[in-house]
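What follows is a short report on a single structure.
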Amino acid sequence: MFDALSDKLQAVFDRLGRKGRVSEKDVDEALREVRLALLEADVHFRVVRALIERVRERAVGTDVLQSLLPAQQVVKIVHEELTQLLGEPGRLATASTPPTVIMLVGLQGSGKTTTAAKLAVHFKKQGQHPLLGPADPYRPSAIEQLSQLGKQVDVPVYLGPERQAEALCRAALQAARTKHLTPLILDTAGRLQTNDDLMGELVRIRDDVKPSEVLLVADSTIGQEALKVAQEFHSRVGLTGLILTKLDGDARGGAALSVREVTGVPLKFIGIGETLDAMESFHPERMASRILGMGDILTLIERAQETVDAERVQAVQRKLRSGTFDLEDFLEQLRQVQRMGPIDQVLSMIPGLGRQLGKANENEAARAELRLTEAVILSMTPHERRNPELIGGSRRRRIAKGSGTSAADVNRVLSQFRQIQQLMRRSIPANSAKRNIDLTKLFH
Amino acid sequence: MPASGGFASLREAAARTRSALAGHVSAVFGRTELDGSAWDNLEEALITADVGANMTDLLLERLRGRQRRGDVRTLEDLRRALAGELLSLLDGAREPEAFLPEGLTLVLVVGFNGVGKTTTVAKLGRHWQRAGRDVLLVAGDTFRAAGSDQLSVWADRLLLPCIVGQRGGDAAALAFDAVSSSRARGYDLILMDTAGRIHTKTNLMEELRKLRRVAERQDVHIRTLLVLDATTGQNGISQARAFREAVGLDGIVVTKLDGSAKGGALFAIASEFGAAVRFVGTGEGADDLAGFDPEVFVETILSPELNNV
Ligand SMILES: Nc1nc2c(ncn2[C@@H]2O[C@H](COP(=O)(O)OP(=O)(O)O)[C@@H](O)[C@H]2O)c(=O)[nH]1
Ligand SMILES: [Mg+2]
């Protein structure tokens, strides 16, 4: 099975639940695993505690105890709680009299400047005429950075003589007014929430420019600090939303939950790359899966749909349904996966595998594994590929020799293939032969 | 060590806590008896310091074992035992040997986006210049807008020579030039900034490998320094692993310890990878760099109310 958390929960219930009914104590044992998963994802200690309490109440009060599939039930409840806490993506507010002002605030290095440029691109696409306002006179070349980004995306940047953050912001607002540019996106300097002077500066800027949005830009790799950071920025400046950056890596992004829980402000965008169009709205269910370490299977599917020929996908689905998915199809699938992008990136989106990939030398190993699998299948005859049950001792030796691998390697490929076959079969209920496979069901 | 305000104040802060602890009860534990809530508080202190749930479980298990064996009876025992356990996790983080060899050396400063690489290069330039090295800075972030500008502004301020790469240019070629011109002009320490990168991106990590490979062809010592941001949580482990795999790790710099983040992920990183922490960053100025003191680091973990500086 793919999903690490479901696996662990299953193991818990297998160990404990065999006695017949699942008990409350069993649920607690399962919740310990959930708790670990959330803490691993950097959700704040106290937020985890509150979440686990809610899940526990629901789990004990409802069907988990009677359920035949207690592990899935627990995951489902947890997933629902996370999805609910994440909420729907927030929309950006506009001022009744333009220009609308958007202030970006956050710690040093969280990605504010890049996000400012991404927002500019976003508004431009909507036919608006934004102005970028650099407000970081401290970090060397911060203003220069924004000005280059502005040029790159063809959005004007306010570059005045002011040498002080408040003055820069006021002047930028004046420029936006006279040139009829809206929104004005203010890129403030990164600061520690513990720095009282610099927090005061933000308050003064806010009072001067009366922003419609004060967005906290937070790095998705941030740990337990996220809670204090959000709390402090919120109580001093009053946040209206969150943008979580650098989600194109393997950070689980549990900070999103911590920020939501302590501020209640919505998550408005996520940053998913260094290019200036790499910002999007988010899907609460996907984000919840990611935080739980269940991988971003939906993004993977979407990307697959972009790269993979739809007819072929349907053909494979037909085969899966009729139980005739063979090694030829497996080979085809492997090659498609390789076409979808750098293999480690693709694999990291697959639940469970992402975690396994975390181990040393994994990327090279993953690539080598795929090459090996391909070599083994290629050394089979077409007849063998369609009827893998034919492969016994002597055929196995021949295949191993032909592919430069060992008989054990061949066995491993075959057993992988059988696992996938089984997984697919399990995910397609017998009575829904006409429906498309909904892979998400696997993880609920 | 440079005349480093950061370092001195770290020590002072630690001394302050130590004396506070001696007199009355530590804030971690709240009261004197070793009851359930002491253990709960301890767990919370460790996890909220980003030590990580698995590492925390491991530590608590060891401490409970020691309690059962009778060597931990009072809160003060517990505090001391924990400090000992935490310190032993940092064994690998202590400097086993000097970071810089004699002779022409190229230091590659690498890390995730926004962790503080460029600022650290400037700080290191100042530090080693004061230590008597002939330093050349190399602005190797050819990716980010104004990325190399940022370092050349620092170089001007610190009166350090700096080679600047073209935006979009090849960092490996830049490193090569830096080494040859150091030979010609008598620099013996090259500090090279690199573009921030997300460690799961194969092509970007490959680029870093290539940078190192190309540099290795020249007759120069190479040292890699990974910059880790103290506010980073469990992802720091994955970062350290990936950068280590790509270019090796001769040392770590932990930045942004001037905030309230404790940087507890370092325990897992140090014990898993055994990489020595060479410096800590304690602010945005060129002098905000200090040596790593494991005792001080552990002390701040044990005192939630204590910032690192
Ligand atoms: N408070 C604090 N800020 C730091 C420290 N080191 C770097 N920064 C800030 O973090 C931000 C990102 O630093 P930079 O060197 O540009 O990071 P890079 O993207 O890794 O090169 C800048 O605003 C720096 O001033 C530190 O030790 N403490
Ligand atoms: Mg930089």
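Labels used: A, B, ... for chains in the order of the structure tokens, numbers from 1 for residues in each chain, and numbers from 1 for ligands as shown.
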**Item:** Expected selection as a VMD selection string for ligand 1 within 9 Å, only C-alpha atoms and all ligand atoms
**Value:** (chain A and resid 107 to 111 138 to 140 142 189 to 192) or (chain B and resid 110 to 122 141 144 147 150 to 151 193 to 197 227 to 230 254 to 259 280 to 285 288 to 289)
**Message:** Could you tell me which residues of chain B sit within 7 Å of chain A when counting only C-alpha atoms, and give me the result as a count of residues only?
**Reply:** 28
**Message:** For the alpha helix (DSSP H) assignment from backbone DSSP, which residues of region 116-154 of chain B qualify? Please present them as a list in words.
**Reply:**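 Answer for region 116-154 of chain B, restricted to alpha helix (DSSP H): Lys117, Thr118, Thr119, Thr120, Val121, Ala122, Lys123, Leu124, Gly125, Arg126, His127, Trp128, Gln129, Arg130, Gly147, Ser148, Asp149, Gln150, Leu151, Ser152, Val153 and Trp154 of chain B.
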Could you write those residues out with N, CA, C and O atoms, as a compact mmCIF listing (two decimals), in the first residue's frame?
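Writing the result to selection-v2.txt gives the following:
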```txt
# COMPACT_ATOMS: atom_id res chain seq x y z
N LYS B 117 22.20 32.67 3.10
CA LYS B 117 23.51 32.36 2.52
C LYS B 117 24.34 33.60 2.21
O LYS B 117 25.50 33.70 2.61
N THR B 118 23.73 34.54 1.49
CA THR B 118 24.48 35.70 1.03
C THR B 118 25.00 36.51 2.23
O THR B 118 26.17 36.89 2.28
N THR B 119 24.12 36.74 3.18
CA THR B 119 24.51 37.47 4.38
C THR B 119 25.63 36.74 5.10
O THR B 119 26.59 37.35 5.58
N THR B 120 25.52 35.41 5.17
CA THR B 120 26.55 34.62 5.84
C THR B 120 27.89 34.72 5.13
O THR B 120 28.94 34.81 5.78
N VAL B 121 27.88 34.74 3.81
CA VAL B 121 29.13 34.88 3.07
C VAL B 121 29.80 36.20 3.45
O VAL B 121 31.01 36.25 3.71
N ALA B 122 29.01 37.26 3.53
CA ALA B 122 29.57 38.55 3.92
C ALA B 122 30.16 38.48 5.33
O ALA B 122 31.29 38.93 5.57
N LYS B 123 29.41 37.88 6.24
CA LYS B 123 29.89 37.77 7.63
C LYS B 123 31.18 36.96 7.70
O LYS B 123 32.12 37.31 8.42
N LEU B 124 31.22 35.86 6.95
CA LEU B 124 32.40 35.00 6.96
C LEU B 124 33.61 35.73 6.37
O LEU B 124 34.74 35.58 6.85
N GLY B 125 33.33 36.52 5.34
CA GLY B 125 34.41 37.28 4.70
C GLY B 125 35.07 38.18 5.73
O GLY B 125 36.31 38.22 5.87
N ARG B 126 34.25 38.87 6.48
CA ARG B 126 34.76 39.76 7.51
C ARG B 126 35.54 38.98 8.58
O ARG B 126 36.62 39.36 8.98
N HIS B 127 34.94 37.88 9.00
CA HIS B 127 35.55 37.08 10.06
C HIS B 127 36.94 36.58 9.66
O HIS B 127 37.91 36.73 10.40
N TRP B 128 37.04 36.01 8.49
CA TRP B 128 38.32 35.41 8.12
C TRP B 128 39.33 36.45 7.65
O TRP B 128 40.53 36.23 7.73
N GLN B 129 38.81 37.57 7.17
CA GLN B 129 39.75 38.63 6.85
C GLN B 129 40.44 39.09 8.13
O GLN B 129 41.66 39.26 8.19
N ARG B 130 39.64 39.22 9.17
CA ARG B 130 40.22 39.63 10.46
C ARG B 130 41.16 38.57 11.00
O ARG B 130 42.07 38.88 11.76
N GLY B 147 20.67 39.00 -7.23
CA GLY B 147 21.28 38.09 -6.28
C GLY B 147 22.76 38.38 -6.09
O GLY B 147 23.27 38.37 -4.97
N SER B 148 23.46 38.69 -7.19
CA SER B 148 24.89 38.92 -7.06
C SER B 148 25.15 40.37 -6.63
O SER B 148 26.13 40.66 -5.95
N ASP B 149 24.23 41.23 -7.00
CA ASP B 149 24.28 42.61 -6.51
C ASP B 149 24.37 42.69 -5.00
O ASP B 149 25.11 43.49 -4.43
N GLN B 150 23.53 41.88 -4.37
CA GLN B 150 23.42 41.90 -2.91
C GLN B 150 24.78 41.66 -2.27
O GLN B 150 25.18 42.37 -1.35
N LEU B 151 25.52 40.69 -2.80
CA LEU B 151 26.83 40.41 -2.21
C LEU B 151 27.83 41.50 -2.58
O LEU B 151 28.68 41.85 -1.75
N SER B 152 27.71 42.06 -3.78
CA SER B 152 28.72 43.07 -4.11
C SER B 152 28.51 44.34 -3.28
O SER B 152 29.47 45.04 -2.98
N VAL B 153 27.27 44.61 -2.89
CA VAL B 153 27.04 45.73 -1.97
C VAL B 153 27.74 45.46 -0.63
O VAL B 153 28.43 46.32 -0.08
N TRP B 154 27.60 44.22 -0.15
CA TRP B 154 28.30 43.85 1.09
C TRP B 154 29.81 43.99 0.93
O TRP B 154 30.50 44.52 1.81
```
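Of the residues listed (B:Asp77, B:Val138, B:Leu211, B:His221), B:Val138 shows the shortest atom-to-atom separation from ligand 2; distances use only C-alpha atoms and all ligand atoms.
With distances restricted to only C-alpha atoms and all ligand atoms, B:Gly140 is the closest residue to ligand 2 from B:Gly140, B:Phe99, B:Val179, B:Arg64.
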**Request:** Do a neighbour search on Arg66 (chain B) at 12 Å with only C-alpha atoms, toss out local chain neighbours closer than 6 positions, and write the hits as an MDAnalysis selection string.
**Result:** chainID B and resid 59:60 72:74 77:78 80:82 85
Dump as a PDB file, in the first residue's frame, selection limited to N, CA, C and O atoms:
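This is the output file again.pdb:
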```pdb
ATOM      1  N   LEU B  59      14.247  10.768  23.528  1.00  0.00           N
ATOM      2  CA  LEU B  59      14.853  11.400  24.701  1.00  0.00           C
ATOM      3  C   LEU B  59      14.052  11.099  25.969  1.00  0.00           C
ATOM      4  O   LEU B  59      14.625  10.740  27.006  1.00  0.00           O
ATOM      5  N   LEU B  60      12.729  11.227  25.870  1.00  0.00           N
ATOM      6  CA  LEU B  60      11.904  11.005  27.051  1.00  0.00           C
ATOM      7  C   LEU B  60      12.025   9.565  27.526  1.00  0.00           C
ATOM      8  O   LEU B  60      12.059   9.280  28.720  1.00  0.00           O
ATOM      9  N   VAL B  72      17.528   9.616  38.328  1.00  0.00           N
ATOM     10  CA  VAL B  72      16.803  10.871  38.202  1.00  0.00           C
ATOM     11  C   VAL B  72      15.683  10.875  39.230  1.00  0.00           C
ATOM     12  O   VAL B  72      14.750  10.087  39.138  1.00  0.00           O
ATOM     13  N   ARG B  73      15.832  11.712  40.265  1.00  0.00           N
ATOM     14  CA  ARG B  73      14.813  11.753  41.311  1.00  0.00           C
ATOM     15  C   ARG B  73      14.109  13.100  41.377  1.00  0.00           C
ATOM     16  O   ARG B  73      12.904  13.184  41.544  1.00  0.00           O
ATOM     17  N   THR B  74      14.894  14.160  41.231  1.00  0.00           N
ATOM     18  CA  THR B  74      14.307  15.487  41.367  1.00  0.00           C
ATOM     19  C   THR B  74      14.257  16.178  40.011  1.00  0.00           C
ATOM     20  O   THR B  74      14.843  15.706  39.038  1.00  0.00           O
ATOM     21  N   ASP B  77      17.631  16.945  38.801  1.00  0.00           N
ATOM     22  CA  ASP B  77      18.258  15.775  38.180  1.00  0.00           C
ATOM     23  C   ASP B  77      17.801  15.642  36.732  1.00  0.00           C
ATOM     24  O   ASP B  77      18.586  15.377  35.828  1.00  0.00           O
ATOM     25  N   LEU B  78      16.484  15.805  36.573  1.00  0.00           N
ATOM     26  CA  LEU B  78      15.907  15.624  35.243  1.00  0.00           C
ATOM     27  C   LEU B  78      16.489  16.646  34.274  1.00  0.00           C
ATOM     28  O   LEU B  78      16.874  16.325  33.146  1.00  0.00           O
ATOM     29  N   ARG B  80      19.288  18.167  34.461  1.00  0.00           N
ATOM     30  CA  ARG B  80      20.691  17.896  34.183  1.00  0.00           C
ATOM     31  C   ARG B  80      20.831  16.690  33.246  1.00  0.00           C
ATOM     32  O   ARG B  80      21.626  16.702  32.311  1.00  0.00           O
ATOM     33  N   ALA B  81      20.000  15.692  33.493  1.00  0.00           N
ATOM     34  CA  ALA B  81      20.063  14.498  32.647  1.00  0.00           C
ATOM     35  C   ALA B  81      19.694  14.840  31.204  1.00  0.00           C
ATOM     36  O   ALA B  81      20.344  14.408  30.255  1.00  0.00           O
ATOM     37  N   LEU B  82      18.666  15.658  31.072  1.00  0.00           N
ATOM     38  CA  LEU B  82      18.245  16.049  29.724  1.00  0.00           C
ATOM     39  C   LEU B  82      19.345  16.842  29.034  1.00  0.00           C
ATOM     40  O   LEU B  82      19.668  16.596  27.868  1.00  0.00           O
ATOM     41  N   GLU B  85      21.844  14.463  27.781  1.00  0.00           N
ATOM     42  CA  GLU B  85      21.399  13.734  26.589  1.00  0.00           C
ATOM     43  C   GLU B  85      21.469  14.629  25.355  1.00  0.00           C
ATOM     44  O   GLU B  85      21.937  14.212  24.285  1.00  0.00           O
TER      45      GLU B  85
END
```
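The residue that comes closest to Leu216 (chain A), out of A:Leu267, A:Leu257, A:Val34, A:Val47 and on the basis of only C-alpha atoms, is A:Leu267.
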**Item:** Picked from region 80-203 of chain B by DSSP as strand (DSSP E or B), as a PyMOL selection string
**Value:** chain B and resi 105-111+135-140+162-164+189-194
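Closest approach to Ala172 (chain B) among B:Glu61, B:Glu102, B:Glu299, B:Glu206 is made by B:Glu206 (distances from only C-alpha atoms).
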**Computed interatomic separation between CA of Gln239 (chain B) and CA of Leu226 (chain B) (Å)** = 9.1 Å
**Request:** Please provide the set of residues having any atom within 9 Å of Ser212 (chain A), restricted to only C-alpha atoms, with same-chain residues fewer than 5 positions apart removed, written as a ChimeraX atom specification.
**Result:** /A:92-95,100-103,240
Convert the current residue selection to file output with all heavy atoms, as a short mmCIF file (atom, residue, chain, number, x, y, z; two decimals), in the first residue's frame.
```cif
data_model
loop_
_atom_site.label_atom_id
_atom_site.label_comp_id
_atom_site.auth_asym_id
_atom_site.auth_seq_id
_atom_site.Cartn_x
_atom_site.Cartn_y
_atom_site.Cartn_z
N LEU A 92 -8.97 37.92 -2.49
CA LEU A 92 -8.34 39.18 -2.13
C LEU A 92 -9.37 40.30 -2.13
O LEU A 92 -10.18 40.41 -3.05
CB LEU A 92 -7.21 39.50 -3.11
CG LEU A 92 -5.99 38.56 -3.04
CD1 LEU A 92 -5.01 38.88 -4.17
CD2 LEU A 92 -5.30 38.66 -1.69
N ALA A 93 -9.33 41.12 -1.11
CA ALA A 93 -10.28 42.22 -1.01
C ALA A 93 -9.80 43.40 -1.86
O ALA A 93 -8.61 43.58 -2.08
CB ALA A 93 -10.40 42.66 0.44
N THR A 94 -10.74 44.21 -2.32
CA THR A 94 -10.37 45.44 -3.02
C THR A 94 -10.96 46.63 -2.26
O THR A 94 -11.99 46.52 -1.62
CB THR A 94 -10.91 45.47 -4.47
OG1 THR A 94 -12.23 44.91 -4.46
CG2 THR A 94 -10.03 44.68 -5.39
N ALA A 95 -10.28 47.76 -2.38
CA ALA A 95 -10.76 48.96 -1.69
C ALA A 95 -11.91 49.56 -2.48
O ALA A 95 -11.97 49.43 -3.70
CB ALA A 95 -9.62 49.97 -1.60
N THR A 100 -6.30 50.00 -4.35
CA THR A 100 -6.26 48.99 -3.31
C THR A 100 -4.80 48.81 -2.88
O THR A 100 -3.91 48.82 -3.73
CB THR A 100 -6.77 47.65 -3.87
OG1 THR A 100 -8.15 47.80 -4.22
CG2 THR A 100 -6.61 46.52 -2.87
N VAL A 101 -4.59 48.68 -1.57
CA VAL A 101 -3.21 48.48 -1.11
C VAL A 101 -3.07 47.10 -0.48
O VAL A 101 -3.89 46.70 0.35
CB VAL A 101 -2.79 49.56 -0.09
CG1 VAL A 101 -1.36 49.30 0.39
CG2 VAL A 101 -2.91 50.95 -0.70
N ILE A 102 -2.05 46.38 -0.91
CA ILE A 102 -1.75 45.06 -0.36
C ILE A 102 -0.37 45.12 0.28
O ILE A 102 0.60 45.50 -0.37
CB ILE A 102 -1.76 43.99 -1.47
CG1 ILE A 102 -3.15 43.92 -2.11
CG2 ILE A 102 -1.33 42.63 -0.92
CD1 ILE A 102 -3.22 43.00 -3.29
N MET A 103 -0.31 44.77 1.54
CA MET A 103 0.98 44.79 2.24
C MET A 103 1.46 43.36 2.46
O MET A 103 0.70 42.54 2.98
CB MET A 103 0.74 45.40 3.63
CG MET A 103 1.40 46.71 3.89
SD MET A 103 0.82 47.30 5.50
CE MET A 103 2.27 47.00 6.49
N THR A 240 -4.79 39.73 7.22
CA THR A 240 -6.03 39.37 6.52
C THR A 240 -5.88 38.07 5.75
O THR A 240 -6.84 37.56 5.20
CB THR A 240 -6.43 40.47 5.51
OG1 THR A 240 -5.37 40.58 4.54
CG2 THR A 240 -6.64 41.80 6.19
#
```
